[in-house]
Amino acid sequence: MSSTVVPNSPRGLYLMSISLGTPPLEILADADTGSDLIWKQCLPCESCYEQVAPLFDPSKSSTYRDFSYNSSMCKEVCNLGYSKNRTCKYQIFHADRCYSTGVLSAEMLVMNSSGRGSMNFPNITLGVVRTIGASTTSPLASSALDMGLFH
């Protein structure tokens with residue numbers, strides 16, 4: 001399988017078209033390898049990077065589900081405990097000092113192929129971002145806010 005990847009200079013991002021959820025929300029995603037967690041800014045978002053594209057709303061997707069705080073997936077990722085409804089909370093710090101916190105979930109991801117239609121990835125692990133930030137001492141602080149696979 002191959003997907004069209006568009007370089008976005010001068011920032012050095014590689015963007016690709018994917019869809020998330022059911023019904024699908026088309027997203028232009030950054031193919032970033034700086035984290036092993038796929039994440040997306042989602043509604044409701046307490047403190048997120050300002051973006052033009054709409055935020056993903058998990059409540060509108062029929063394929064979305066939260067991981068429980070005692071699931072094996074929650075234990076493998078940076079588990080911060082659980083929220084009021086016993087969902088798995090996570091926090092990830094990146095080398096450039098940016099971070100994201102939120103809820104660990106599973107969702108449908110569709111990757112558009114350049115020639116073979118599309119490929120579905122049901123139940124892919126997704127970090128539902130509720131807060132995102134960066135250290136003010138980082139030289140990349142202004143651009144680090146939107147790092148990760150999805151923004």
# chains A, B, ... in the order shown; residues from 1 in each chain; ligands from 1
call {"tool": "residues_around", "arguments": {"residues": "Gly21 of chain A", "least_positions_apart": "2", "cutoff": "8 Å", "atoms": "only C-alpha atoms", "output": "ChimeraX atom specification"}}
result
/A:19,23-25,58,61-64,107-109
call {"tool": "write_last_selection", "arguments": {"atoms": "all heavy atoms", "output": "PDB file, in the first residue's frame"}}
result
ATOM      1  N   SER A  19      -8.777   9.531   7.123  1.00  0.00           N
ATOM      2  CA  SER A  19     -10.087   9.775   7.719  1.00  0.00           C
ATOM      3  C   SER A  19     -10.121   9.100   9.074  1.00  0.00           C
ATOM      4  O   SER A  19      -9.511   8.052   9.280  1.00  0.00           O
ATOM      5  CB  SER A  19     -11.208   9.213   6.842  1.00  0.00           C
ATOM      6  OG  SER A  19     -11.220   9.871   5.597  1.00  0.00           O
ATOM      7  N   PRO A  23     -19.317   8.578  11.178  1.00  0.00           N
ATOM      8  CA  PRO A  23     -18.890   8.885   9.818  1.00  0.00           C
ATOM      9  C   PRO A  23     -17.484   9.497   9.815  1.00  0.00           C
ATOM     10  O   PRO A  23     -17.061  10.090  10.810  1.00  0.00           O
ATOM     11  CB  PRO A  23     -19.923   9.894   9.327  1.00  0.00           C
ATOM     12  CG  PRO A  23     -20.467  10.524  10.556  1.00  0.00           C
ATOM     13  CD  PRO A  23     -20.383   9.484  11.633  1.00  0.00           C
ATOM     14  N   PRO A  24     -16.781   9.346   8.691  1.00  0.00           N
ATOM     15  CA  PRO A  24     -15.379   9.778   8.651  1.00  0.00           C
ATOM     16  C   PRO A  24     -15.206  11.300   8.626  1.00  0.00           C
ATOM     17  O   PRO A  24     -15.956  12.009   7.988  1.00  0.00           O
ATOM     18  CB  PRO A  24     -14.864   9.160   7.349  1.00  0.00           C
ATOM     19  CG  PRO A  24     -16.071   8.959   6.510  1.00  0.00           C
ATOM     20  CD  PRO A  24     -17.217   8.725   7.450  1.00  0.00           C
ATOM     21  N   LEU A  25     -14.197  11.745   9.373  1.00  0.00           N
ATOM     22  CA  LEU A  25     -13.754  13.129   9.319  1.00  0.00           C
ATOM     23  C   LEU A  25     -12.423  13.115   8.582  1.00  0.00           C
ATOM     24  O   LEU A  25     -11.473  12.478   9.035  1.00  0.00           O
ATOM     25  CB  LEU A  25     -13.565  13.713  10.721  1.00  0.00           C
ATOM     26  CG  LEU A  25     -12.949  15.115  10.789  1.00  0.00           C
ATOM     27  CD1 LEU A  25     -13.898  16.150  10.176  1.00  0.00           C
ATOM     28  CD2 LEU A  25     -12.599  15.479  12.215  1.00  0.00           C
ATOM     29  N   PRO A  58     -15.457  12.831  19.263  1.00  0.00           N
ATOM     30  CA  PRO A  58     -15.689  11.400  19.485  1.00  0.00           C
ATOM     31  C   PRO A  58     -17.153  11.040  19.730  1.00  0.00           C
ATOM     32  O   PRO A  58     -17.584   9.941  19.387  1.00  0.00           O
ATOM     33  CB  PRO A  58     -14.853  11.088  20.728  1.00  0.00           C
ATOM     34  CG  PRO A  58     -13.855  12.173  20.824  1.00  0.00           C
ATOM     35  CD  PRO A  58     -14.503  13.377  20.222  1.00  0.00           C
ATOM     36  N   SER A  61     -19.058   9.733  16.639  1.00  0.00           N
ATOM     37  CA  SER A  61     -18.551   8.562  15.910  1.00  0.00           C
ATOM     38  C   SER A  61     -19.107   7.271  16.516  1.00  0.00           C
ATOM     39  O   SER A  61     -18.992   7.038  17.712  1.00  0.00           O
ATOM     40  CB  SER A  61     -17.019   8.521  15.962  1.00  0.00           C
ATOM     41  OG  SER A  61     -16.552   7.331  15.352  1.00  0.00           O
ATOM     42  N   SER A  62     -19.646   6.426  15.659  1.00  0.00           N
ATOM     43  CA  SER A  62     -20.204   5.149  16.127  1.00  0.00           C
ATOM     44  C   SER A  62     -19.120   4.097  16.383  1.00  0.00           C
ATOM     45  O   SER A  62     -19.400   3.069  17.004  1.00  0.00           O
ATOM     46  CB  SER A  62     -21.218   4.608  15.115  1.00  0.00           C
ATOM     47  OG  SER A  62     -20.576   4.320  13.887  1.00  0.00           O
ATOM     48  N   THR A  63     -17.893   4.329  15.924  1.00  0.00           N
ATOM     49  CA  THR A  63     -16.820   3.350  16.105  1.00  0.00           C
ATOM     50  C   THR A  63     -15.856   3.731  17.220  1.00  0.00           C
ATOM     51  O   THR A  63     -14.900   3.008  17.494  1.00  0.00           O
ATOM     52  CB  THR A  63     -16.033   3.162  14.790  1.00  0.00           C
ATOM     53  OG1 THR A  63     -15.671   4.440  14.268  1.00  0.00           O
ATOM     54  CG2 THR A  63     -16.865   2.411  13.762  1.00  0.00           C
ATOM     55  N   TYR A  64     -16.094   4.834  17.897  1.00  0.00           N
ATOM     56  CA  TYR A  64     -15.218   5.294  18.972  1.00  0.00           C
ATOM     57  C   TYR A  64     -15.511   4.551  20.270  1.00  0.00           C
ATOM     58  O   TYR A  64     -16.655   4.296  20.615  1.00  0.00           O
ATOM     59  CB  TYR A  64     -15.430   6.798  19.192  1.00  0.00           C
ATOM     60  CG  TYR A  64     -14.652   7.344  20.363  1.00  0.00           C
ATOM     61  CD1 TYR A  64     -13.343   7.764  20.204  1.00  0.00           C
ATOM     62  CD2 TYR A  64     -15.223   7.425  21.628  1.00  0.00           C
ATOM     63  CE1 TYR A  64     -12.617   8.261  21.275  1.00  0.00           C
ATOM     64  CE2 TYR A  64     -14.506   7.923  22.704  1.00  0.00           C
ATOM     65  CZ  TYR A  64     -13.206   8.335  22.514  1.00  0.00           C
ATOM     66  OH  TYR A  64     -12.497   8.821  23.577  1.00  0.00           O
ATOM     67  N   GLU A 107     -10.371   3.750  17.693  1.00  0.00           N
ATOM     68  CA  GLU A 107     -11.201   4.370  16.670  1.00  0.00           C
ATOM     69  C   GLU A 107     -10.860   3.800  15.304  1.00  0.00           C
ATOM     70  O   GLU A 107      -9.827   3.161  15.117  1.00  0.00           O
ATOM     71  CB  GLU A 107     -10.968   5.888  16.688  1.00  0.00           C
ATOM     72  CG  GLU A 107     -11.804   6.704  15.732  1.00  0.00           C
ATOM     73  CD  GLU A 107     -13.299   6.498  15.857  1.00  0.00           C
ATOM     74  OE1 GLU A 107     -13.794   5.431  15.412  1.00  0.00           O
ATOM     75  OE2 GLU A 107     -13.990   7.393  16.365  1.00  0.00           O
ATOM     76  N   MET A 108     -11.731   4.032  14.340  1.00  0.00           N
ATOM     77  CA  MET A 108     -11.528   3.619  12.947  1.00  0.00           C
ATOM     78  C   MET A 108     -10.677   4.662  12.244  1.00  0.00           C
ATOM     79  O   MET A 108     -10.967   5.863  12.297  1.00  0.00           O
ATOM     80  CB  MET A 108     -12.871   3.508  12.228  1.00  0.00           C
ATOM     81  CG  MET A 108     -12.762   3.344  10.716  1.00  0.00           C
ATOM     82  SD  MET A 108     -12.079   1.754  10.209  1.00  0.00           S
ATOM     83  CE  MET A 108     -13.502   0.720  10.414  1.00  0.00           C
ATOM     84  N   LEU A 109      -9.592   4.199  11.602  1.00  0.00           N
ATOM     85  CA  LEU A 109      -8.747   5.067  10.798  1.00  0.00           C
ATOM     86  C   LEU A 109      -8.744   4.517   9.387  1.00  0.00           C
ATOM     87  O   LEU A 109      -8.631   3.303   9.196  1.00  0.00           O
ATOM     88  CB  LEU A 109      -7.321   5.092  11.347  1.00  0.00           C
ATOM     89  CG  LEU A 109      -6.356   5.991  10.587  1.00  0.00           C
ATOM     90  CD1 LEU A 109      -5.542   6.811  11.578  1.00  0.00           C
ATOM     91  CD2 LEU A 109      -5.435   5.189   9.704  1.00  0.00           C
TER      92      LEU A 109
END
call {"tool": "residues_around", "arguments": {"residues": "Lys40 of chain A", "least_positions_apart": "4", "cutoff": "12 Å", "atoms": "only C-alpha atoms", "output": "PyMOL selection string"}}
result
chain A and resi 19-21+25+27-30+44-45+48-49+51+53-58+100-107+109+125-132+145-151
call {"tool": "atom_distance", "arguments": {"atom1": "atom CA of Val77 of chain A", "atom2": "atom CA of Asp36 of chain A"}}
result
9.5 Å
call {"tool": "closest_residue", "arguments": {"among": "A:Asp66, A:Glu26, A:Glu46, A:Asp32", "to": "Ile124 of chain A", "atoms": "only C-alpha atoms"}}
result
A:Asp66
call {"tool": "select_by_dssp", "arguments": {"residues": "segment 73-137 of chain A", "states": "helix (DSSP H, G or I)", "output": "number ranges by chain"}}
result
A: 73-76
call {"tool": "write_last_selection", "arguments": {"atoms": "all heavy atoms", "output": "compact mmCIF listing (two decimals), in the first residue's frame"}}
result
# COMPACT_ATOMS: atom_id res chain seq x y z
N MET A 73 -4.01 -2.24 27.30
CA MET A 73 -3.50 -1.14 26.48
C MET A 73 -3.21 0.08 27.36
O MET A 73 -2.20 0.76 27.19
CB MET A 73 -4.50 -0.76 25.39
CG MET A 73 -3.97 0.30 24.44
SD MET A 73 -2.43 -0.15 23.58
CE MET A 73 -3.04 -1.37 22.45
N CYS A 74 -4.06 0.34 28.32
CA CYS A 74 -3.86 1.47 29.22
C CYS A 74 -2.58 1.29 30.03
O CYS A 74 -1.83 2.23 30.23
CB CYS A 74 -5.05 1.61 30.16
SG CYS A 74 -4.99 3.08 31.20
N LYS A 75 -2.30 0.08 30.44
CA LYS A 75 -1.11 -0.19 31.23
C LYS A 75 0.17 -0.07 30.41
O LYS A 75 1.23 0.22 30.94
CB LYS A 75 -1.20 -1.58 31.85
CG LYS A 75 -2.29 -1.65 32.91
CD LYS A 75 -2.52 -3.05 33.40
CE LYS A 75 -3.70 -3.06 34.37
NZ LYS A 75 -4.11 -4.41 34.73
N GLU A 76 0.08 -0.27 29.08
CA GLU A 76 1.25 -0.18 28.20
C GLU A 76 1.63 1.25 27.86
O GLU A 76 2.77 1.55 27.56
CB GLU A 76 0.99 -0.96 26.90
CG GLU A 76 0.96 -2.45 27.09
CD GLU A 76 0.66 -3.18 25.79
OE1 GLU A 76 1.04 -2.68 24.72
OE2 GLU A 76 0.04 -4.25 25.87
call {"tool": "residues_around", "arguments": {"residues": "Asn85 of chain A", "least_positions_apart": "3", "cutoff": "10 Å", "atoms": "only C-alpha atoms", "output": "VMD selection string"}}
result
chain A and resid 66 68 to 69 82 88
